[in-house]
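Colleague: Sharing a structure, written as structure tokens. Questions coming.
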Amino acid sequence: MARPSLSPGLDLRGLYRENTPAAFWRLLIEPQPSSAEWDAAIRVAAAHLPPAVTAAGLDLDTLLVNTLGEGQFGPEHWELGTLKRLYYAVKPLIPRRLAVLLRRLYQKSMIPSVDLGWPVEPGYARFLWEVAQQIRTMRRQPVLPFIHFWPDGRRFAFVITHDVETGEGQRLARELAELDASYGFRSSFNFVAEDYRLDLDLIEELRERGFEVGMHGVHHDGRAFGSRAKFLRQAERINRHLKRLNAVGLRTPLTHRNPEWMQALDVEYDLSFFDTDPFEPLSGGTMSLWPFTIGRFLELPYTLVQDYTATAILNETTPRIWLQKVDFINAYHGLALVNAHPDYLKVGHTRRVYESFLTAMRSRADFWNALPCEAARWWRARSSASTLAQLPGAVAGVIGEDGRISIEPLAAMAS
């Protein structure tokens with residue numbers, strides 16, 4: 001899948017410019033709404049966004065940077081504070097159990113951000129739905145037809161990812177793949193390239209069984225983003241490992257991230273951002289329940305709280321927090337993406353919660369279980385399709401006056 005070439009000096013507005021409401025909705029009406037119609041709809045719908053998003057203006061570029069680009073959190077959002085930098089500098093010298101304890105104490109001291117809701121942040125979803133309703137009203141149509149978000153009209157996409165942080169986690173990966181497969185699911189495994197010797201036989205076996213293999217950085221030490229120069233050096237190594245493993249996706253260690261620096265990565269998709277999460281080292285969120293473009297690559301934000309946070313930090317004993325979020329994602333036809341770690345799933349408590357989640361998800365029949373690469377390629381193809389015929393598997397959806405989406409034949413809508 002072709003991606004834009006890296007452009008030196010690309011500003012943040014350019015990174016998010018493709019994520020227009022027009023690209024999101026892919027309306028099946030003629031004539032297509034004009035720029036003036038979209039702008040008018042956006043200005044009304046912006047009332048659903050946080051004040052920190054709209055304070056700098058209501059033009060679309062600004063809104064996208066402040067939502068998807070997390071600009072609402074200020075220009076220093078991507079910088080680790082002094083104490084965090086010190087922690088990651090000495091982390092390799094700290095025994096793993098002590099490091100886990102320190103992380104637990106740190107995360108328990110965090111309080112959810114007052115700027116974004118958690119675990120549900122509805123603002124961006126409501127914004128996009130209101131844009132559609134404004135267009136529908138302008139066109140005086142009872143329903144608004146569009147290319148449905150997912151193949152065959154599935155209500156939402158469900159993606160399972162696993163970050164393999166240690167050699168022990170790698171040894172447990174095969175067992176976790178067996179577990180996912182026993183419930184009828186496929187998933188992806190992201191490996192750290194240089195912290196342990198990669199088991200190439202395991203990687204090939206996972207691929208042959210229909211799983212996906214991605215990368216989780218060069219080292220899992222939290223120091224890759226210490227400076228732009230350091231990250232760019234690591235990016236060169238990451239790109240070599242991606243090519244060696246024939247991988248197309250990445251999640252950065254500890255979800256440390258910088259969207260501008262990450263343009264140096266040769267990936268189709270990234271998994272390092274999230275819709276809302278106050279518990280990560282770089283907290284905040286993109287507010288998006290759907291994939292979106294960041295310059296050269298597509299972002300698949302994780303939308304379900306990470307397994308370690310749910311069980312070790314929040315002391316959840318059931319998958320209720322995951323399942324409640326899935327219901328919200330289902331209502332807006334989004335992407336339910338979870339990140340679970342073989343390093344943590346060896347623990348009985350965490351594993352029981354994860355298995356209960358898989359059991360509950362297996363009982364549903366309303367989603368598309370996709371590998372990350374499949375979800376990314378579908379979304380990128382959908383964003384450029386103007387007719388159903390241009391996108392195999394696409395069906396027409398309609399959004400009505402009540403905001404609900406249904407699947408109906410185009411002929412029925414025309415009558």
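For the structure tokens, the naming scheme is as follows: chains receive sequential letters (A, B, ...) according to their order of presentation, residues are indexed from 1 within each chain, and ligands are indexed from 1 in presentation order.
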Which neighbours of Asp199 of chain A fall inside 12 Å, counting only C-alpha atoms, when residues of the same chain fewer than 6 positions from it are skipped, and could you give them as a list in words?

Modeller: Val164, Thr166, Gly167, Glu168, Gly169, Gln170, Arg171, Leu172, Ala173, Arg174, Phe191, Val192, Ala193, Glu205, Leu206, Val213 and Leu245 of chain A

Colleague: What would the file look like if the residues just selected were written as a short mmCIF file (atom, residue, chain, number, x, y, z; two decimals), in the first residue's frame with C-alpha atoms?

Modeller:
```cif
data_model
loop_
_atom_site.label_atom_id
_atom_site.label_comp_id
_atom_site.auth_asym_id
_atom_site.auth_seq_id
_atom_site.Cartn_x
_atom_site.Cartn_y
_atom_site.Cartn_z
CA VAL A 164 6.12 -9.11 23.99
CA THR A 166 10.85 -9.84 27.52
CA GLY A 167 12.37 -13.15 26.57
CA GLU A 168 10.03 -14.83 29.03
CA GLY A 169 7.10 -13.17 27.31
CA GLN A 170 8.37 -14.55 23.99
CA ARG A 171 8.40 -18.05 25.48
CA LEU A 172 4.75 -17.57 26.48
CA ALA A 173 3.66 -16.16 23.10
CA ARG A 174 2.85 -19.53 21.55
CA PHE A 191 8.46 -8.12 19.48
CA VAL A 192 11.30 -6.04 20.95
CA ALA A 193 14.12 -6.34 18.44
CA GLU A 205 4.85 -20.28 12.94
CA LEU A 206 2.65 -17.40 14.08
CA VAL A 213 4.03 -10.05 13.63
CA LEU A 245 10.98 -9.45 9.84
#
```

Colleague: Where in segment 207-295 of chain A does DSSP assign strand (DSSP E), given as a list in words?

Modeller: Glu212, Val213, Gly214, Met215, Gly249, Leu250, Tyr269, Asp270, Phe292, Thr293 and Ile294 of chain A

Colleague: Rank nothing, just name the residue among A:Leu282, A:Met287, A:Met215, A:Arg136 nearest to Asp266 of chain A, using only C-alpha atoms.

Modeller: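 Using only C-alpha atoms, the shortest distance to Asp266 of chain A belongs to A:Met215.
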
Colleague: Determine, counting only C-alpha atoms, which protein, DNA and RNA residues have an atom within 7 Å of an atom of Val338 of chain A; residues of the same chain fewer than 6 positions away are not included. Present the result as a PyMOL selection string.

Modeller: chain A and resi 159-161+302-306

Colleague: Which residue, A:Ile405, A:Leu128, A:Val395, A:Ile42, has the smallest gap to His148 of chain A when you use only C-alpha atoms?

Modeller: A:Val395

Colleague: Which residue is closest to Asn190 of chain A? Choose from A:Asn258, A:Thr252, A:Ser363, A:Thr309 and count only C-alpha atoms.

Modeller: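 Checking each of A:Asn258, A:Thr252, A:Ser363, A:Thr309 against Asn190 of chain A, counting only C-alpha atoms, the winner is A:Thr252.
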
Colleague: Compile the contact shell of segment 225-239 of chain A as a VMD selection string: residues with an atom at most 12 Å away, counting only C-alpha atoms, same-chain residues fewer than 3 positions apart removed.

Modeller: chain A and resid 78 to 82 84 to 86 88 to 89 191 to 194 214 to 222 242 to 268 282

Colleague: Could you give me, as a list in words, the residues within 10 Å of Thr20 of chain A, counting only C-alpha atoms and dropping anything in the same chain fewer than 3 positions from it?

Modeller: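 These residues fall inside the cut-off: Tyr16, Arg17, Ala23, Phe24, Trp25, Trp38, Ile42, Leu60, Asp61, Leu64, Leu128, Phe292 and Ser383 of chain A.
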
Colleague: Just N, CA and C atoms for this one: save the residues we selected as a short mmCIF file (atom, residue, chain, number, x, y, z; two decimals), in the first residue's frame.

Modeller:
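As a result, selection35.cif now contains:
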```cif
data_model
loop_
_atom_site.label_atom_id
_atom_site.label_comp_id
_atom_site.auth_asym_id
_atom_site.auth_seq_id
_atom_site.Cartn_x
_atom_site.Cartn_y
_atom_site.Cartn_z
N TYR A 16 -2.17 15.85 9.92
CA TYR A 16 -3.54 15.41 10.20
C TYR A 16 -4.55 15.86 9.16
N ARG A 17 -4.10 16.53 8.12
CA ARG A 17 -5.00 17.19 7.18
C ARG A 17 -5.90 16.22 6.41
N ALA A 23 -13.70 12.68 4.47
CA ALA A 23 -13.00 11.40 4.34
C ALA A 23 -13.54 10.38 5.32
N PHE A 24 -13.99 10.83 6.48
CA PHE A 24 -14.54 9.92 7.48
C PHE A 24 -15.87 9.33 7.03
N TRP A 25 -16.76 10.17 6.52
CA TRP A 25 -18.11 9.71 6.21
C TRP A 25 -18.24 9.06 4.83
N TRP A 38 -19.46 21.81 4.34
CA TRP A 38 -18.69 21.12 5.37
C TRP A 38 -18.23 22.10 6.45
N ILE A 42 -19.12 21.88 10.41
CA ILE A 42 -18.04 21.73 11.38
C ILE A 42 -18.12 22.80 12.46
N LEU A 60 -10.80 23.73 10.48
CA LEU A 60 -10.65 22.29 10.60
C LEU A 60 -9.22 21.88 10.93
N ASP A 61 -8.23 22.50 10.31
CA ASP A 61 -6.84 22.14 10.60
C ASP A 61 -6.53 22.26 12.09
N LEU A 64 -8.31 19.47 14.12
CA LEU A 64 -7.68 18.17 13.96
C LEU A 64 -6.37 18.08 14.75
N LEU A 128 -18.35 14.27 15.12
CA LEU A 128 -18.50 13.71 13.78
C LEU A 128 -19.95 13.40 13.45
N PHE A 292 -6.89 6.73 11.93
CA PHE A 292 -6.72 8.03 11.30
C PHE A 292 -5.29 8.16 10.81
N SER A 383 -11.01 5.33 2.73
CA SER A 383 -10.88 6.77 2.76
C SER A 383 -10.70 7.38 1.37
#
```

Colleague: Report, in Å with one decimal, the straight-line distance from atom CA of Ala157 of chain A to atom CA of Val120 of chain A.

Modeller: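 These two atoms are separated by 17.2 Å.
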
Colleague: With distances taken over only C-alpha atoms, which of A:Arg351, A:Arg197, A:Arg186, A:His162 is nearest to Glu316 of chain A?

Modeller: A:Arg351

Colleague: Taking the chain letters and numbering used in this document, name the residues of segment 176-378 of chain A that DSSP puts in helix (DSSP H, G or I), as a count of residues only.

Modeller: 86

Colleague: Leaving out Glu374 of chain A and any residue of its chain fewer than 3 positions from it, which residues lie within 12 Å of it when counting only C-alpha atoms, given as an MDAnalysis selection string?

Modeller: chainID A and resid 1 150:151 157:159 186:188 210:212 248:249 268:269 291 298 300 368:371 377:381

Colleague: Let's have the selection written as a PDB file, in the first residue's frame, with C-alpha atoms.

Modeller:
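Done, and the output landed in again18.pdb:
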```
ATOM      1  CA  MET A   1       0.000   0.000   0.000  1.00  0.00           C
ATOM      2  CA  TRP A 150     -16.371  -1.867   8.066  1.00  0.00           C
ATOM      3  CA  PRO A 151     -16.558  -4.791   5.620  1.00  0.00           C
ATOM      4  CA  ALA A 157     -13.871  -3.821  14.300  1.00  0.00           C
ATOM      5  CA  PHE A 158     -12.164  -5.884  16.999  1.00  0.00           C
ATOM      6  CA  VAL A 159      -8.356  -6.039  17.004  1.00  0.00           C
ATOM      7  CA  ARG A 186      -6.543 -13.913  15.405  1.00  0.00           C
ATOM      8  CA  SER A 187      -4.150 -11.402  16.934  1.00  0.00           C
ATOM      9  CA  SER A 188      -0.810  -9.697  16.435  1.00  0.00           C
ATOM     10  CA  GLY A 210      -2.770 -16.513  10.514  1.00  0.00           C
ATOM     11  CA  PHE A 211      -1.396 -14.230  13.212  1.00  0.00           C
ATOM     12  CA  GLU A 212       0.531 -11.041  12.522  1.00  0.00           C
ATOM     13  CA  VAL A 248       4.562  -3.389   8.586  1.00  0.00           C
ATOM     14  CA  GLY A 249       3.436  -2.198  12.034  1.00  0.00           C
ATOM     15  CA  GLU A 268       2.085   1.172   7.229  1.00  0.00           C
ATOM     16  CA  TYR A 269       0.491   1.603  10.640  1.00  0.00           C
ATOM     17  CA  PRO A 291      -8.128   4.771  12.591  1.00  0.00           C
ATOM     18  CA  LEU A 298      -2.121   5.178   9.603  1.00  0.00           C
ATOM     19  CA  LEU A 300      -4.798   2.426  14.984  1.00  0.00           C
ATOM     20  CA  TRP A 368     -15.055  -7.876  12.350  1.00  0.00           C
ATOM     21  CA  ASN A 369     -12.057  -9.557  14.006  1.00  0.00           C
ATOM     22  CA  ALA A 370      -9.187  -8.156  11.978  1.00  0.00           C
ATOM     23  CA  LEU A 371      -5.428  -8.161  12.163  1.00  0.00           C
ATOM     24  CA  ARG A 377      -5.481  -1.343   4.753  1.00  0.00           C
ATOM     25  CA  TRP A 378      -9.268  -1.407   4.772  1.00  0.00           C
ATOM     26  CA  TRP A 379      -9.490   2.051   6.345  1.00  0.00           C
ATOM     27  CA  ARG A 380      -6.963   3.532   3.958  1.00  0.00           C
ATOM     28  CA  ALA A 381      -8.807   2.053   0.949  1.00  0.00           C
TER      29      ALA A 381
END
```

Colleague: Atom CA of Asp327 of chain A and atom CA of Arg382 of chain A are how many Å apart?

Modeller: 23.8 Å

Colleague: Could you state the separation of atom CA of Tyr183 of chain A and atom CA of Arg362 of chain A in Å, given to one decimal place?

Modeller: 6.5 Å

Colleague: Of the candidates A:Pro342, A:Pro31, A:Gly403, A:Gly348, which one gets nearest to Asp163 of chain A if we count only C-alpha atoms?

Modeller: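 Of all the options, A:Pro342 lies closest to Asp163 of chain A.
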
Colleague: Which of these residues is nearest to Ile147 of chain A, using only C-alpha atoms: A:Leu337, A:Leu28, A:Ile407, A:Leu12?

Modeller: A:Leu28
